[in-house]
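Student: What follows is my_file36.cif, mmCIF, C-alpha atoms.
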data_query
loop_
_atom_site.label_atom_id
_atom_site.label_comp_id
_atom_site.auth_asym_id
_atom_site.auth_seq_id
_atom_site.Cartn_x
_atom_site.Cartn_y
_atom_site.Cartn_z
CA MET H 1 -77.82 15.22 -21.12
CA LEU H 2 -79.57 15.73 -17.80
CA PRO H 3 -77.39 16.42 -14.74
CA ILE H 4 -75.73 13.23 -13.51
CA SER H 5 -72.63 12.79 -11.37
CA ALA H 6 -69.46 11.38 -12.88
CA ALA H 7 -69.62 8.53 -10.35
CA ALA H 8 -73.16 7.56 -11.38
CA LEU H 9 -72.30 7.76 -15.08
CA ALA H 10 -69.26 5.54 -14.60
CA ALA H 11 -71.30 3.02 -12.61
CA LEU H 12 -74.09 2.53 -15.16
CA GLY H 13 -72.60 -0.71 -16.43
CA GLN H 14 -72.21 -2.10 -12.93
CA ALA H 15 -74.71 -3.57 -10.47
CA VAL H 16 -76.43 -0.44 -9.19
CA ARG H 17 -79.84 -0.16 -7.55
CA ARG H 18 -82.45 1.50 -9.75
CA PRO H 19 -85.37 2.58 -7.54
CA VAL H 20 -88.28 4.54 -9.03
CA ARG H 21 -90.22 7.41 -7.49
CA ALA H 22 -93.69 8.47 -8.65
CA GLU H 23 -95.68 11.45 -7.36
CA TRP H 24 -99.03 13.02 -8.24
CA SER H 25 -100.57 16.47 -7.86
CA ASN H 26 -104.04 17.95 -8.31
CA ASP H 27 -103.01 21.61 -7.90
CA ASN H 28 -100.83 22.12 -11.00
CA GLY H 29 -97.71 20.94 -9.21
CA ARG H 30 -97.76 23.18 -6.16
CA THR H 31 -97.85 20.14 -3.85
CA TRP H 32 -97.01 16.51 -4.59
CA THR H 33 -98.11 13.23 -3.03
CA ARG H 34 -95.96 10.10 -3.14
CA ALA H 35 -97.48 7.15 -5.02
CA VAL H 36 -96.63 3.44 -4.87
CA PHE H 37 -94.94 2.62 -8.18
CA GLY H 38 -95.70 -0.73 -9.76
CA SER H 39 -94.17 -0.78 -13.24
CA GLY H 40 -93.77 1.43 -16.25
CA THR H 41 -91.83 2.78 -19.21
CA VAL H 42 -90.71 6.26 -20.26
CA THR H 43 -90.24 7.39 -23.87
CA PRO H 44 -88.23 10.56 -24.57
CA ASP H 45 -88.79 11.33 -28.28
CA ARG H 46 -87.85 14.54 -30.10
CA THR H 47 -89.90 13.57 -33.16
CA ALA H 48 -93.19 13.55 -31.20
CA ASP H 49 -95.32 16.56 -30.18
CA CYS H 50 -94.76 15.59 -26.53
CA ARG H 51 -91.07 15.18 -25.80
CA TYR H 52 -91.87 12.78 -22.94
CA SER H 53 -94.59 10.14 -22.75
CA ALA H 54 -94.96 7.24 -20.34
CA ALA H 55 -97.11 4.28 -19.33
CA VAL H 56 -97.16 3.34 -15.65
CA GLU H 57 -99.12 1.36 -13.11
CA LEU H 58 -99.56 2.87 -9.65
CA LEU H 59 -100.61 0.61 -6.78
CA ASN H 60 -103.24 1.29 -4.10
CA ALA H 61 -103.84 4.69 -5.63
CA PRO H 62 -106.70 6.89 -4.37
CA ARG H 63 -109.14 7.77 -7.14
CA GLY H 64 -111.78 10.39 -7.83
CA ALA H 65 -111.80 14.17 -7.48
CA SER H 66 -109.48 14.15 -4.46
CA GLY H 67 -107.28 11.37 -5.84
CA ILE H 68 -105.87 10.38 -9.20
CA ASN H 69 -108.18 11.32 -12.06
CA ALA H 70 -107.87 12.02 -15.77
CA ILE H 71 -108.88 15.71 -15.51
CA THR H 72 -106.78 17.51 -12.91
CA THR H 73 -103.99 15.09 -12.01
CA ARG H 74 -100.37 15.55 -12.98
CA VAL H 75 -97.78 12.83 -12.47
CA ARG H 76 -94.02 13.16 -12.21
CA LEU H 77 -91.50 10.35 -12.33
CA PHE H 78 -87.90 9.92 -11.21
CA GLN H 79 -85.41 7.16 -11.97
CA GLY H 80 -82.97 6.58 -9.14
CA LEU H 81 -79.40 5.36 -9.31
CA GLY H 82 -78.13 3.82 -6.09
CA ILE H 83 -74.35 3.57 -5.94
CA PRO H 84 -72.78 1.81 -2.95
CA ARG H 85 -71.85 4.20 -0.10
CA ARG H 86 -73.69 7.10 -1.77
CA ASP H 87 -77.20 8.53 -1.52
CA VAL H 88 -79.60 7.62 -4.32
CA GLU H 89 -79.24 10.02 -7.23
CA TRP H 90 -82.68 10.91 -8.63
CA ILE H 91 -82.92 11.67 -12.36
CA PRO H 92 -86.17 13.39 -13.50
CA ALA H 93 -88.13 11.28 -15.98
CA GLY H 94 -90.90 13.64 -17.05
CA VAL H 95 -93.92 15.57 -15.77
CA TYR H 96 -97.20 14.45 -17.27
CA VAL H 97 -100.93 14.76 -17.61
CA ILE H 98 -103.11 11.68 -17.89
CA ASP H 99 -104.19 10.75 -21.39
CA ARG H 100 -105.98 7.55 -20.35
CA LEU H 101 -106.75 5.97 -16.98
CA ARG H 102 -107.72 2.34 -16.48
CA ARG H 103 -108.62 0.84 -13.15
CA THR H 104 -106.88 -2.42 -12.37
CA ARG H 105 -107.15 -4.97 -9.58
CA LEU H 106 -104.10 -3.47 -7.87
CA GLY H 107 -104.53 0.23 -8.65
CA VAL H 108 -104.56 2.33 -11.80
CA SER H 109 -102.86 1.98 -15.17
CA LEU H 110 -102.02 5.34 -16.76
CA ASP H 111 -101.06 6.47 -20.25
CA LEU H 112 -99.20 9.75 -19.75
CA LEU H 113 -98.29 12.65 -22.04
CA GLY H 114 -95.92 15.54 -21.40
CA LEU H 115 -97.17 19.04 -20.57
CA GLU H 116 -97.08 19.95 -24.27
CA ASP H 117 -100.46 18.19 -24.37
CA VAL H 118 -101.90 20.92 -22.12
CA VAL H 119 -100.64 23.62 -24.50
CA ARG H 120 -101.79 21.65 -27.54
CA GLY H 121 -105.31 21.34 -26.14
CA ASP H 122 -105.60 24.99 -25.10
CA GLU H 123 -106.64 26.36 -28.49
CA PHE H 124 -107.84 29.93 -28.99
CA PRO H 125 -111.62 30.28 -29.17
CA VAL H 126 -111.17 33.17 -31.63
CA ALA H 127 -108.26 34.18 -33.87
CA ARG H 128 -105.79 36.56 -32.25
CA THR H 129 -102.69 38.54 -33.11
CA VAL H 130 -99.42 37.75 -31.35
CA GLY H 131 -96.61 40.33 -31.36
CA PRO H 132 -94.85 42.41 -32.38
CA ASP H 133 -92.46 41.76 -29.51
CA THR H 134 -89.40 39.72 -28.62
CA ALA H 135 -89.52 35.95 -29.01
CA GLN H 136 -89.10 35.68 -25.25
CA ALA H 137 -92.17 37.82 -24.53
CA CYS H 138 -94.32 36.04 -27.13
CA ALA H 139 -93.32 32.60 -25.87
CA ALA H 140 -93.91 33.58 -22.23
CA LEU H 141 -97.41 34.77 -23.16
CA LEU H 142 -98.36 31.66 -25.16
CA TYR H 143 -96.92 29.18 -22.66
CA GLY H 144 -97.98 31.14 -19.59
CA GLU H 145 -101.68 31.19 -20.45
CA ALA H 146 -101.75 27.40 -20.80
CA LEU H 147 -99.27 26.59 -18.00
CA PRO H 148 -99.68 29.36 -15.39
CA GLY H 149 -96.62 30.02 -13.28
CA GLN H 150 -94.24 28.10 -15.57
CA ALA H 151 -91.12 30.03 -16.58
CA VAL H 152 -89.67 29.36 -20.04
CA ALA H 153 -86.05 28.16 -20.25
CA TRP H 154 -83.75 29.22 -23.11
CA ARG H 155 -80.75 27.03 -23.83
CA PRO H 156 -77.48 28.43 -25.24
CA GLY H 157 -77.59 28.80 -29.01
CA VAL H 158 -81.05 30.40 -29.17
CA THR H 159 -81.56 34.18 -29.06
CA PRO H 160 -84.68 35.05 -27.02
CA SER H 161 -84.32 38.77 -27.82
CA THR H 162 -85.06 38.18 -31.54
CA GLN H 163 -87.87 40.45 -32.67
CA VAL H 164 -91.03 38.66 -33.83
CA PRO H 165 -93.38 40.62 -36.12
CA ALA H 166 -97.12 40.56 -35.51
CA PHE H 167 -98.74 37.37 -36.80
CA VAL H 168 -102.25 35.97 -36.64
CA VAL H 169 -102.96 32.65 -34.96
CA ASP H 170 -106.29 31.14 -36.01
CA GLN H 171 -106.65 28.70 -33.11
CA ASP H 172 -103.62 26.44 -32.65
CA ARG H 173 -101.52 27.72 -29.73
CA TRP H 174 -99.01 24.86 -30.02
CA ALA H 175 -98.43 25.52 -33.74
CA ALA H 176 -97.72 29.17 -32.92
CA LEU H 177 -94.95 27.99 -30.61
CA SER H 178 -93.51 24.87 -32.22
CA GLY H 179 -94.39 25.19 -35.89
CA GLY H 180 -97.14 24.34 -38.29
CA GLY H 181 -98.68 25.80 -41.41
CA ASP H 182 -101.37 28.33 -42.27
CA SER H 183 -103.97 28.25 -45.02
CA SER H 184 -101.54 29.84 -47.50
CA GLY H 185 -98.95 27.11 -46.97
CA ALA H 186 -96.52 29.36 -45.09
CA SER H 187 -94.83 27.86 -42.06
CA THR H 188 -95.70 29.22 -38.64
CA GLY H 189 -94.10 28.89 -35.25
CA ILE H 190 -91.74 30.94 -33.14
CA ALA H 191 -89.27 28.08 -32.55
CA PRO H 192 -88.46 27.24 -36.19
CA ALA H 193 -88.13 30.96 -36.99
CA LEU H 194 -85.36 31.04 -34.34
CA ALA H 195 -83.65 27.93 -35.79
CA ALA H 196 -84.80 26.19 -32.61
CA GLU H 197 -87.19 23.61 -31.25
CA THR H 198 -89.44 23.87 -28.21
CA PHE H 199 -90.58 21.20 -25.77
CA CYS H 200 -91.21 20.51 -22.09
CA ASP H 201 -88.12 18.91 -20.60
CA ALA H 202 -87.80 16.07 -18.08
CA ARG H 203 -88.70 18.48 -15.25
CA GLY H 204 -91.75 19.78 -17.10
CA ILE H 205 -90.15 23.14 -17.90
CA PRO H 206 -91.08 24.70 -21.28
CA THR H 207 -87.78 24.97 -23.12
CA PHE H 208 -86.36 26.46 -26.33
CA GLY H 209 -83.16 24.83 -27.58
CA PRO H 210 -81.15 24.75 -30.81
CA VAL H 211 -81.93 22.04 -33.35
CA PRO H 212 -79.44 19.26 -32.60
CA SER H 213 -76.91 18.03 -35.15
CA VAL H 214 -74.71 14.95 -35.41
CA THR H 215 -71.74 17.34 -35.21
CA ASP H 216 -72.72 18.60 -31.73
CA PRO H 217 -70.41 17.81 -28.79
CA VAL H 218 -70.56 14.21 -27.58
CA VAL H 219 -72.20 13.89 -24.14
CA TRP H 220 -71.46 10.19 -23.54
CA ARG H 221 -68.81 7.80 -24.89
CA ILE H 222 -69.80 4.15 -24.62
CA PRO H 223 -66.98 1.62 -24.98
CA LEU H 224 -67.32 -1.81 -26.53
CA GLY H 225 -69.10 -4.21 -24.21
CA LEU H 226 -71.41 -1.65 -22.66
CA ALA H 227 -73.40 -1.12 -25.85
CA VAL H 228 -74.13 -3.04 -29.01
CA ALA H 229 -74.79 -1.06 -32.17
CA GLU H 230 -77.10 -2.82 -34.57
CA PRO H 231 -76.36 -1.81 -38.17
CA ALA H 232 -79.37 -0.53 -40.09
CA GLN H 233 -80.96 -3.21 -42.22
CA GLU H 234 -82.84 -0.51 -44.10
CA GLU H 235 -81.77 3.03 -44.97
CA ASN H 236 -84.55 5.60 -45.31
CA THR H 237 -84.04 8.89 -47.16
CA GLU H 238 -87.68 9.95 -47.10
CA THR H 239 -87.00 13.02 -44.96
CA LEU H 240 -83.50 13.72 -46.26
CA ARG H 241 -82.96 17.21 -47.73
CA ASN H 242 -79.53 18.55 -48.63
CA LEU H 243 -80.60 21.92 -50.09
CA TRP H 244 -82.96 24.36 -48.38
CA SER H 245 -84.60 27.47 -49.81
CA VAL H 246 -85.77 29.82 -47.04
CA THR H 247 -87.92 32.93 -47.49
CA GLY H 248 -89.57 35.32 -45.10
CA ASP H 249 -91.73 38.40 -44.83
CA ALA H 250 -90.05 41.39 -43.17
CA GLY H 251 -93.46 42.46 -41.87
CA ASP H 252 -95.29 45.80 -41.93
CA GLY H 253 -95.40 45.79 -45.69
CA ALA H 254 -91.62 45.61 -46.13
CA ALA H 255 -89.99 43.62 -48.93
CA PRO H 256 -89.88 39.84 -48.53
CA VAL H 257 -86.63 38.24 -47.36
CA GLY H 258 -84.85 35.78 -49.60
CA PRO H 259 -84.92 33.24 -50.88
CA VAL H 260 -81.74 32.35 -48.99
CA TYR H 261 -80.18 29.03 -49.96
CA VAL H 262 -78.31 26.69 -47.62
CA TRP H 263 -76.90 23.32 -48.66
CA ASP H 264 -74.58 20.52 -47.60
CA ASP H 265 -71.25 21.87 -48.85
CA ASP H 266 -69.02 19.19 -47.32
CA PRO H 267 -67.36 17.18 -50.13
CA ALA H 268 -66.71 14.36 -47.65
CA SER H 269 -70.44 13.95 -46.99
CA LEU H 270 -72.58 11.34 -48.70
CA THR H 271 -75.26 14.02 -49.03
CA TYR H 272 -72.93 16.62 -50.60
CA ALA H 273 -75.10 18.89 -52.79
CA GLY H 274 -72.24 20.15 -54.95
CA PRO H 275 -70.17 23.34 -54.94
CA ASP H 276 -73.16 25.55 -55.87
CA PRO H 277 -76.40 23.70 -56.65
CA VAL H 278 -78.25 27.01 -57.10
CA GLY H 279 -75.87 29.12 -59.19
CA ASP H 280 -74.14 26.29 -61.04
CA PRO H 281 -76.27 23.13 -60.98
CA GLY H 282 -74.26 21.60 -63.83
CA ALA H 283 -70.98 21.61 -61.91
CA PRO H 284 -71.29 18.04 -60.56
CA GLY H 285 -71.72 16.70 -64.09
CA ARG H 286 -68.68 18.56 -65.40
CA LEU H 287 -66.58 17.51 -62.40
CA GLY H 288 -67.79 13.91 -62.35
CA LEU H 289 -69.25 14.17 -58.85
CA PRO H 290 -71.94 11.64 -57.79
CA VAL H 291 -74.32 14.28 -56.44
CA ARG H 292 -78.05 13.92 -55.80
CA VAL H 293 -79.86 17.09 -54.74
CA ARG H 294 -83.02 16.87 -52.65
CA THR H 295 -84.55 20.31 -52.10
CA GLY H 296 -86.64 21.51 -49.16
CA ARG H 297 -88.47 24.83 -48.91
CA TYR H 298 -89.36 26.82 -45.82
CA THR H 299 -91.39 30.04 -45.76
CA SER H 300 -92.36 31.93 -42.61
CA PRO H 301 -93.75 35.42 -41.96
CA LEU H 302 -91.64 35.46 -38.77
CA ILE H 303 -88.33 35.56 -40.68
CA THR H 304 -87.33 39.23 -40.95
CA SER H 305 -83.72 39.22 -42.19
CA ALA H 306 -81.36 37.33 -44.50
CA ALA H 307 -79.16 36.42 -41.51
CA GLN H 308 -82.14 34.91 -39.71
CA ALA H 309 -83.13 33.05 -42.88
CA GLU H 310 -79.65 31.55 -43.16
CA GLU H 311 -79.71 30.47 -39.51
CA VAL H 312 -83.11 28.84 -40.03
CA GLY H 313 -81.79 27.13 -43.17
CA ARG H 314 -78.82 25.71 -41.24
CA ALA H 315 -81.19 24.34 -38.60
CA GLN H 316 -83.46 22.79 -41.23
CA LEU H 317 -80.40 21.26 -42.91
CA ALA H 318 -79.11 19.82 -39.64
CA ASP H 319 -82.48 18.24 -38.97
CA SER H 320 -82.86 16.73 -42.44
CA LEU H 321 -79.43 15.14 -42.91
CA GLY H 322 -78.50 11.72 -41.62
CA VAL H 323 -79.49 8.13 -42.20
CA GLN H 324 -81.96 6.44 -39.84
CA ALA H 325 -80.36 3.58 -37.93
CA SER H 326 -80.95 1.48 -34.82
CA LEU H 327 -78.64 1.57 -31.81
CA SER H 328 -79.25 -0.89 -28.98
CA PHE H 329 -77.91 -0.34 -25.46
CA THR H 330 -78.00 -3.88 -24.15
CA SER H 331 -77.00 -3.35 -20.52
CA VAL H 332 -76.50 0.33 -19.77
CA ALA H 333 -79.76 2.25 -19.63
CA ASN H 334 -78.86 5.87 -18.96
CA PRO H 335 -81.86 7.80 -17.57
CA ALA H 336 -79.96 11.07 -17.96
CA LEU H 337 -79.82 10.66 -21.74
CA GLU H 338 -82.05 13.17 -23.55
CA ALA H 339 -83.54 13.00 -27.01
CA GLY H 340 -81.30 15.23 -29.13
CA ASP H 341 -78.08 14.21 -27.38
CA VAL H 342 -75.07 13.02 -29.37
CA VAL H 343 -73.31 9.86 -28.18
CA GLU H 344 -70.22 8.09 -29.45
CA VAL H 345 -70.27 4.31 -29.45
CA GLU H 346 -67.47 1.83 -30.02
CA VAL H 347 -69.25 -0.49 -32.48
CA THR H 348 -66.24 -2.74 -33.05
CA GLU H 349 -62.83 -2.66 -31.44
CA GLY H 350 -61.26 0.72 -32.15
CA VAL H 351 -64.15 1.89 -34.39
CA TRP H 352 -66.33 4.65 -32.95
CA GLU H 353 -69.58 6.01 -34.39
CA ARG H 354 -71.48 9.18 -33.59
CA HIS H 355 -75.23 8.86 -33.11
CA LEU H 356 -77.82 11.60 -32.63
CA ILE H 357 -80.55 10.31 -30.33
CA ASP H 358 -84.06 10.82 -31.71
CA SER H 359 -85.76 8.64 -29.08
CA CYS H 360 -84.44 6.69 -26.10
CA PRO H 361 -87.22 4.75 -24.31
CA TYR H 362 -86.44 2.72 -21.23
CA THR H 363 -88.18 0.62 -18.61
CA LEU H 364 -88.27 2.32 -15.22
CA GLY H 365 -86.06 0.30 -12.92
CA GLY H 366 -84.61 -1.65 -15.86
CA VAL H 367 -81.05 -1.88 -17.13
CA SER H 368 -81.52 -1.96 -20.91
CA GLN H 369 -82.40 0.72 -23.40
CA THR H 370 -83.02 0.81 -27.13
CA CYS H 371 -82.54 4.09 -28.94
CA GLN H 372 -83.64 5.28 -32.35
CA THR H 373 -80.81 7.35 -33.77
CA ARG H 374 -79.48 9.16 -36.79
CA THR H 375 -75.92 8.49 -37.87
CA GLY H 376 -73.67 10.82 -39.77
CA THR H 377 -73.38 10.83 -43.56
CA ARG H 378 -69.65 11.23 -43.92
CA LYS H 379 -67.95 8.90 -46.36
CA VAL H 380 -65.77 6.18 -44.90
CA ALA H 381 -62.26 6.20 -46.30
#
Step by step, read the file and then write its structure as structure tokens.
Tutor:
Amino acid sequence: MLPISAAALAALGQAVRRPVRAEWSNDNGRTWTRAVFGSGTVTPDRTADCRYSAAVELLNAPRGASGINAITTRVRLFQGLGIPRRDVEWIPAGVYVIDRLRRTRLGVSLDLLGLEDVVRGDEFPVARTVGPDTAQACAALLYGEALPGQAVAWRPGVTPSTQVPAFVVDQDRWAALSGGGDSSGASTGIAPALAAETFCDARGIPTFGPVPSVTDPVVWRIPLGLAVAEPAQEENTETLRNLWSVTGDAGDGAAPVGPVYVWDDDPASLTYAGPDPVGDPGAPGRLGLPVRVRTGRYTSPLITSAAQAEEVGRAQLADSLGVQASLSFTSVANPALEAGDVVEVEVTEGVWERHLIDSCPYTLGGVSQTCQTRTGTRKVA
């Protein structure tokens, strides 16, 4: 969750002012000009290439080369929380480039994408080799060329000193950072090889963070009355995998790594894969266990050890377990909530559920918020 004071968090369900601040820049963010905000929405979404996207209308906005334009302009947004007898607390709500600009009678209407779109569009004109070096150095190079002057942030749980072997990138800079596939079918990307994900955060800072899990610490507990959890009318297991096979190439002609197998080994989980689905796949039948195994495979030339392969497998497992559900915050929009956060909601009196936030869009200045979440898969006694 983004930084927010305890007083502001406690006051979310009360009558607080929610001003909005919008600014624009034509010099890559070195200087910013205040804009008149009309209306808009922000969508944090960890399942999209751009972690933040937005749609806003700015009033009386200057246009053209020296004003707001679709080529050089960046926009940043802030959601304010005004608590009585305190200064307004400004929560960052994304830094963007303009994907589409439409002139309106009152100003300009903008479709905005996070700074990942700059990296995604900055493809290599010719294939190049990245590494060997540390993940930190490789990421700084790839991000820095597309976003000059931007430092890369590393959240706890990711090891930036991990050695990355030399690998060839045909053209896709973003795939080299966040993950993709090459012509052989092998997975690419520095982030997934670190059991991580990469994105530009609400302040526009390129960031590497661990893949979130429903078991992560809860950042916000929402009592009954402040949120309404809508039970899923449809359960989707399309992306569910409870067994992962991970292999890697140690590089420089060394022997391949793996396969290393990681599975859901929690008997209390609905997605339990059995005691040993690899070495003893018949055990569930002998023991009378209702087990259904769904296998995923991940291969990357950036995986150089069995320990790294296991860590990657755990991250893939965390990201592929859980049932899609809908959670509706009816009156407590929290602009500090980030995609990937874990919240605990009192769905009925005395019954609390954990939800991992995949997306949490909200209307700037509004009080309601609807989140797409993943719930846990533990059996209910």
Student: Applying 10 Å and all atoms listed in the file, which residues near Pro3 in chain H remain after dropping the ones on its own chain fewer than 4 positions away? List them as JSON, numbers by chain.
Tutor: {"H": [90, 91, 92, 336, 337]}
Student: If the PyMOL selection byres ((chain H and resi 44) around 6) is run on the structure shown, which residues does it catch, given as a ChimeraX atom specification?
Tutor: /H:43,45,51-52,339,359-361
Student: Pick from H:Pro301, H:Gly107, H:Gly94, H:Gly225: nearest to Ile190 in chain H, with all atoms listed in the file counted?
Tutor: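 Looking at the shortest contact to Ile190 in chain H, the residue is H:Pro301.
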Student: Excluding same-chain residues fewer than 5 positions from Ala196 in chain H, what lies within 12 Å of it counting only C-alpha atoms, as a VMD selection string?
Tutor: chain H and resid 135 154 to 160 177 to 179 189 to 191 207 to 213 308 311 to 316 318 to 319
Student: Hey, what's within 7 Å of range 165-168 of chain H if we count all atoms listed in the file and toss same-chain stuff fewer than 5 positions away? As a count of residues only, please?
Tutor: 9
